[in-house]
$ cat start23.txt   # compact mmCIF, C-alpha atoms and all ligand atoms
# COMPACT_ATOMS: atom_id res chain seq x y z
CA MET A 1 62.55 3.18 -37.18
CA PRO A 2 64.11 0.20 -39.05
CA HIS A 3 67.61 0.58 -40.42
CA ARG A 4 67.59 1.16 -44.15
CA ILE A 5 70.06 -1.08 -45.94
CA THR A 6 71.85 0.58 -48.82
CA HIS A 7 73.71 -1.42 -51.41
CA PRO A 8 77.37 -0.37 -51.75
CA ALA A 9 76.71 0.52 -55.38
CA LEU A 10 74.58 3.39 -54.09
CA MET A 11 76.85 4.59 -51.27
CA SER A 12 79.30 7.47 -51.41
CA LEU A 13 82.86 6.87 -50.29
CA THR A 14 82.04 8.70 -47.06
CA ASP A 15 79.06 6.41 -46.49
CA LEU A 16 81.17 3.32 -47.20
CA GLU A 17 83.89 4.39 -44.79
CA ALA A 18 81.36 5.06 -42.05
CA THR A 19 79.21 1.98 -42.65
CA TRP A 20 82.01 -0.51 -43.19
CA ARG A 21 84.32 1.17 -40.68
CA VAL A 22 87.24 1.34 -43.06
CA ASP A 23 89.47 4.38 -43.33
CA THR A 24 92.11 3.28 -45.77
CA ASP A 25 92.55 4.52 -49.30
CA LEU A 26 89.19 3.17 -50.28
CA SER A 27 88.28 3.13 -53.94
CA LEU A 28 84.76 3.11 -55.23
CA PRO A 29 83.55 -0.48 -55.50
CA GLU A 30 83.18 -1.89 -58.98
CA CYS A 31 79.40 -1.93 -58.66
CA ALA A 32 79.29 1.86 -58.22
CA TYR A 33 79.96 2.35 -61.93
CA ASP A 34 76.71 0.60 -62.92
CA PRO A 35 74.52 0.33 -59.80
CA GLU A 36 71.51 -1.26 -61.48
CA LEU A 37 73.65 -4.23 -62.51
CA HIS A 38 73.73 -5.19 -58.82
CA THR A 39 70.47 -3.71 -57.58
CA GLY A 40 68.18 -4.29 -60.56
CA PRO A 41 66.31 -1.73 -62.61
CA ARG A 42 64.55 0.98 -60.60
CA MET A 43 61.82 1.88 -63.05
CA ALA A 44 61.09 -1.32 -64.94
CA ILE A 45 59.80 -4.79 -64.38
CA GLU A 46 62.53 -7.32 -65.04
CA HIS A 47 61.83 -10.67 -66.70
CA ALA A 48 63.24 -13.67 -64.84
CA ASP A 49 65.64 -14.53 -67.68
CA ASP A 50 66.91 -10.95 -67.83
CA ARG A 51 67.37 -10.93 -64.08
CA ALA A 52 69.34 -14.17 -64.14
CA ALA A 53 71.60 -12.82 -66.88
CA ARG A 54 72.10 -9.52 -65.06
CA GLU A 55 72.91 -11.24 -61.78
CA SER A 56 75.38 -13.54 -63.52
CA VAL A 57 77.31 -10.53 -64.83
CA ALA A 58 77.09 -8.85 -61.41
CA ARG A 59 78.64 -11.93 -59.81
CA GLN A 60 81.52 -11.73 -62.27
CA VAL A 61 82.09 -8.09 -61.35
CA CYS A 62 82.12 -8.98 -57.66
CA ALA A 63 84.65 -11.74 -58.26
CA THR A 64 87.41 -9.20 -58.86
CA CYS A 65 86.26 -6.48 -56.46
CA PRO A 66 88.87 -5.76 -53.75
CA LEU A 67 86.10 -4.90 -51.31
CA ARG A 68 84.43 -8.29 -51.58
CA PRO A 69 85.43 -9.64 -48.13
CA THR A 70 84.16 -6.54 -46.38
CA CYS A 71 81.05 -6.48 -48.54
CA ALA A 72 80.27 -10.12 -47.74
CA ALA A 73 80.74 -9.64 -44.01
CA TYR A 74 78.48 -6.59 -44.08
CA ALA A 75 75.80 -8.34 -46.15
CA MET A 76 75.78 -11.31 -43.80
CA ARG A 77 75.29 -8.94 -40.89
CA VAL A 78 72.54 -6.74 -42.34
CA ARG A 79 70.76 -9.45 -44.38
CA PRO A 80 69.61 -7.49 -47.44
CA THR A 81 66.47 -8.68 -49.21
CA SER A 82 67.52 -7.83 -52.75
CA GLY A 83 70.55 -7.23 -54.92
CA VAL A 84 73.81 -9.01 -55.56
CA TRP A 85 76.32 -8.61 -52.72
CA ALA A 86 79.86 -9.97 -52.85
CA GLY A 87 78.86 -12.28 -55.67
CA MET A 88 75.79 -13.65 -53.91
CA SER A 89 72.16 -12.88 -54.34
CA ALA A 90 70.33 -11.78 -51.21
CA ALA A 91 68.48 -15.09 -51.28
CA ASP A 92 71.79 -16.99 -51.21
CA LEU A 93 73.14 -15.21 -48.14
CA PRO A 94 71.18 -17.00 -45.40
CA ASP A 95 72.38 -20.37 -46.65
CA LEU A 96 76.03 -19.68 -45.94
CA PRO A 97 77.41 -21.43 -42.87
CA ASP A 98 78.59 -19.28 -39.99
CA ASP A 99 82.26 -20.18 -40.54
CA THR A 100 82.02 -18.64 -44.01
CA VAL A 101 81.04 -15.35 -42.42
CA GLY A 102 84.03 -15.56 -40.15
CA ALA A 103 86.34 -16.31 -43.05
CA PHE A 104 85.10 -13.28 -44.95
CA ALA A 105 85.38 -11.08 -41.89
CA ASP A 106 88.90 -12.29 -41.14
CA ALA A 107 89.98 -11.52 -44.68
CA ALA A 108 88.58 -7.99 -44.53
S1 LIG B 1 81.81 -7.21 -53.87
FE1 LIG B 1 80.31 -6.72 -55.46
S2 LIG B 1 78.56 -5.80 -54.39
FE2 LIG B 1 80.30 -5.79 -52.97
S3 LIG B 1 81.25 -3.80 -53.20
FE3 LIG B 1 82.31 -5.17 -54.61
S4 LIG B 1 81.25 -5.03 -56.59
FE4 LIG B 1 79.92 -4.15 -54.99

$ encode --input "start23.txt" --output "structure tokens" --more "lines below"
Ligand code: SF4
Amino acid sequence: MPHRITHPALMSLTDLEATWRVDTDLSLPECAYDPELHTGPRMAIEHADDRAARESVARQVCATCPLRPTCAAYAMRVRPTSGVWAGMSAADLPDLPDDTVGAFADAA
């Protein structure tokens, strides 16, 4: 059975601690307060312009998220197919060079 990739906006703190292997005083990530900003609308078709605007705001939210390094390292490992992760769209992730992944992981 393939592993189901869950965006951090939709994970509980327990899920985040287990998935990201962190056990510090983890706070909910910024995206958890408005999940569809990062994942897109669940029950509606989104126009391309609306999607671009939504993803732009999502990237701004990620820019100040303290979990961004861990989120980026995780996204690069699991290769999601949708959503905004650590300020990057899923389509942007494969284009990052390997040393960027290492830099994110080292900062986590
Ligand atoms: S970096 Fe962005 S997507 Fe990742 S946990 Fe933080 S707010 Fe969510």

$ closest_atom_pairs --input "start23.txt" --of "chain A" --to "ligand LIG 1 (chain B)" --cutoff "10 Å" --atoms "all atoms listed in the file" --output "Markdown table"
| residue | atom | partner | partner_atom | distance |
| --- | --- | --- | --- | --- |
| A:His7 | CA | B:LIG1 | S2 | 7.2 |
| A:Pro8 | CA | B:LIG1 | S3 | 5.4 |
| A:Ala9 | CA | B:LIG1 | FE4 | 5.7 |
| A:Leu10 | CA | B:LIG1 | FE4 | 9.3 |
| A:Met11 | CA | B:LIG1 | S3 | 9.7 |
| A:Leu16 | CA | B:LIG1 | S3 | 9.3 |
| A:Ser27 | CA | B:LIG1 | S3 | 9.9 |
| A:Leu28 | CA | B:LIG1 | S3 | 8.0 |
| A:Pro29 | CA | B:LIG1 | S3 | 4.6 |
| A:Glu30 | CA | B:LIG1 | S4 | 4.4 |
| A:Cys31 | CA | B:LIG1 | S4 | 4.2 |
| A:Ala32 | CA | B:LIG1 | FE4 | 6.9 |
| A:Tyr33 | CA | B:LIG1 | S4 | 9.2 |
| A:Asp34 | CA | B:LIG1 | S4 | 9.6 |
| A:Pro35 | CA | B:LIG1 | FE4 | 8.5 |
| A:Leu37 | CA | B:LIG1 | S2 | 9.6 |
| A:His38 | CA | B:LIG1 | S2 | 6.6 |
| A:Thr39 | CA | B:LIG1 | S2 | 8.9 |
| A:Ala58 | CA | B:LIG1 | FE1 | 7.1 |
| A:Arg59 | CA | B:LIG1 | FE1 | 7.0 |
| A:Gln60 | CA | B:LIG1 | FE1 | 8.5 |
| A:Val61 | CA | B:LIG1 | S4 | 5.7 |
| A:Cys62 | CA | B:LIG1 | FE1 | 3.6 |
| A:Ala63 | CA | B:LIG1 | S1 | 6.9 |
| A:Thr64 | CA | B:LIG1 | S1 | 7.8 |
| A:Cys65 | CA | B:LIG1 | FE3 | 4.6 |
| A:Pro66 | CA | B:LIG1 | FE3 | 6.6 |
| A:Leu67 | CA | B:LIG1 | FE3 | 5.0 |
| A:Arg68 | CA | B:LIG1 | S1 | 3.6 |
| A:Pro69 | CA | B:LIG1 | S1 | 7.2 |
| A:Thr70 | CA | B:LIG1 | FE2 | 7.7 |
| A:Cys71 | CA | B:LIG1 | FE2 | 4.5 |
| A:Ala72 | CA | B:LIG1 | FE2 | 6.8 |
| A:Ala73 | CA | B:LIG1 | FE2 | 9.8 |
| A:Tyr74 | CA | B:LIG1 | FE2 | 9.1 |
| A:Ala75 | CA | B:LIG1 | FE2 | 8.6 |
| A:Gly83 | CA | B:LIG1 | S2 | 8.2 |
| A:Val84 | CA | B:LIG1 | S2 | 5.9 |
| A:Trp85 | CA | B:LIG1 | S2 | 4.0 |
| A:Ala86 | CA | B:LIG1 | S1 | 3.5 |
| A:Gly87 | CA | B:LIG1 | FE1 | 5.7 |
| A:Met88 | CA | B:LIG1 | S2 | 8.3 |
| A:Ser89 | CA | B:LIG1 | S2 | 9.5 |

$ atom_distance --input "start23.txt" --atom1 "atom CA of Glu17 of chain A" --atom2 "atom CA of Pro80 of chain A"
18.8 Å

$ closest_residue --input "start23.txt" --among "A:Arg77, A:Ala90, A:Arg21, A:Leu13" --to "Glu55 of chain A" --atoms "only C-alpha atoms"
A:Ala90

$ atom_distance --input "start23.txt" --atom1 "atom CA of Glu46 of chain A" --atom2 "atom CA of Thr81 of chain A"
16.4 Å

$ atom_distance --input "start23.txt" --atom1 "atom CA of Ala52 of chain A" --atom2 "atom CA of Val78 of chain A"
23.3 Å

$ closest_residue --input "start23.txt" --among "A:Ala44, A:Leu26, A:Val57, A:Ala91" --to "Thr14 of chain A" --atoms "all atoms listed in the file"
A:Leu26

$ build_atoms --input "start23.txt" --residues "segment 56-68 of chain A" --atoms "N, CA and C atoms" --output "short mmCIF file (atom, residue, chain, number, x, y, z; two decimals), in the frame of the given file"
data_model
loop_
_atom_site.label_atom_id
_atom_site.label_comp_id
_atom_site.auth_asym_id
_atom_site.auth_seq_id
_atom_site.Cartn_x
_atom_site.Cartn_y
_atom_site.Cartn_z
N SER A 56 74.18 -12.78 -63.16
CA SER A 56 75.38 -13.54 -63.52
C SER A 56 76.54 -12.58 -63.81
N VAL A 57 76.27 -11.52 -64.54
CA VAL A 57 77.31 -10.53 -64.83
C VAL A 57 77.74 -9.83 -63.53
N ALA A 58 76.77 -9.51 -62.69
CA ALA A 58 77.09 -8.85 -61.41
C ALA A 58 78.02 -9.73 -60.58
N ARG A 59 77.77 -11.02 -60.57
CA ARG A 59 78.64 -11.93 -59.81
C ARG A 59 80.07 -11.90 -60.36
N GLN A 60 80.19 -11.80 -61.67
CA GLN A 60 81.52 -11.73 -62.27
C GLN A 60 82.24 -10.44 -61.86
N VAL A 61 81.50 -9.36 -61.79
CA VAL A 61 82.09 -8.09 -61.35
C VAL A 61 82.57 -8.22 -59.90
N CYS A 62 81.75 -8.80 -59.07
CA CYS A 62 82.12 -8.98 -57.66
C CYS A 62 83.36 -9.84 -57.49
N ALA A 63 83.55 -10.78 -58.40
CA ALA A 63 84.65 -11.74 -58.26
C ALA A 63 86.01 -11.05 -58.22
N THR A 64 86.12 -9.89 -58.84
CA THR A 64 87.41 -9.20 -58.86
C THR A 64 87.41 -7.93 -58.01
N CYS A 65 86.36 -7.71 -57.26
CA CYS A 65 86.26 -6.48 -56.46
C CYS A 65 87.13 -6.62 -55.19
N PRO A 66 88.02 -5.67 -54.95
CA PRO A 66 88.87 -5.76 -53.75
C PRO A 66 88.10 -5.60 -52.45
N LEU A 67 86.89 -5.10 -52.52
CA LEU A 67 86.10 -4.90 -51.31
C LEU A 67 85.21 -6.10 -50.99
N ARG A 68 85.34 -7.16 -51.75
CA ARG A 68 84.43 -8.29 -51.58
C ARG A 68 84.39 -8.87 -50.16
#
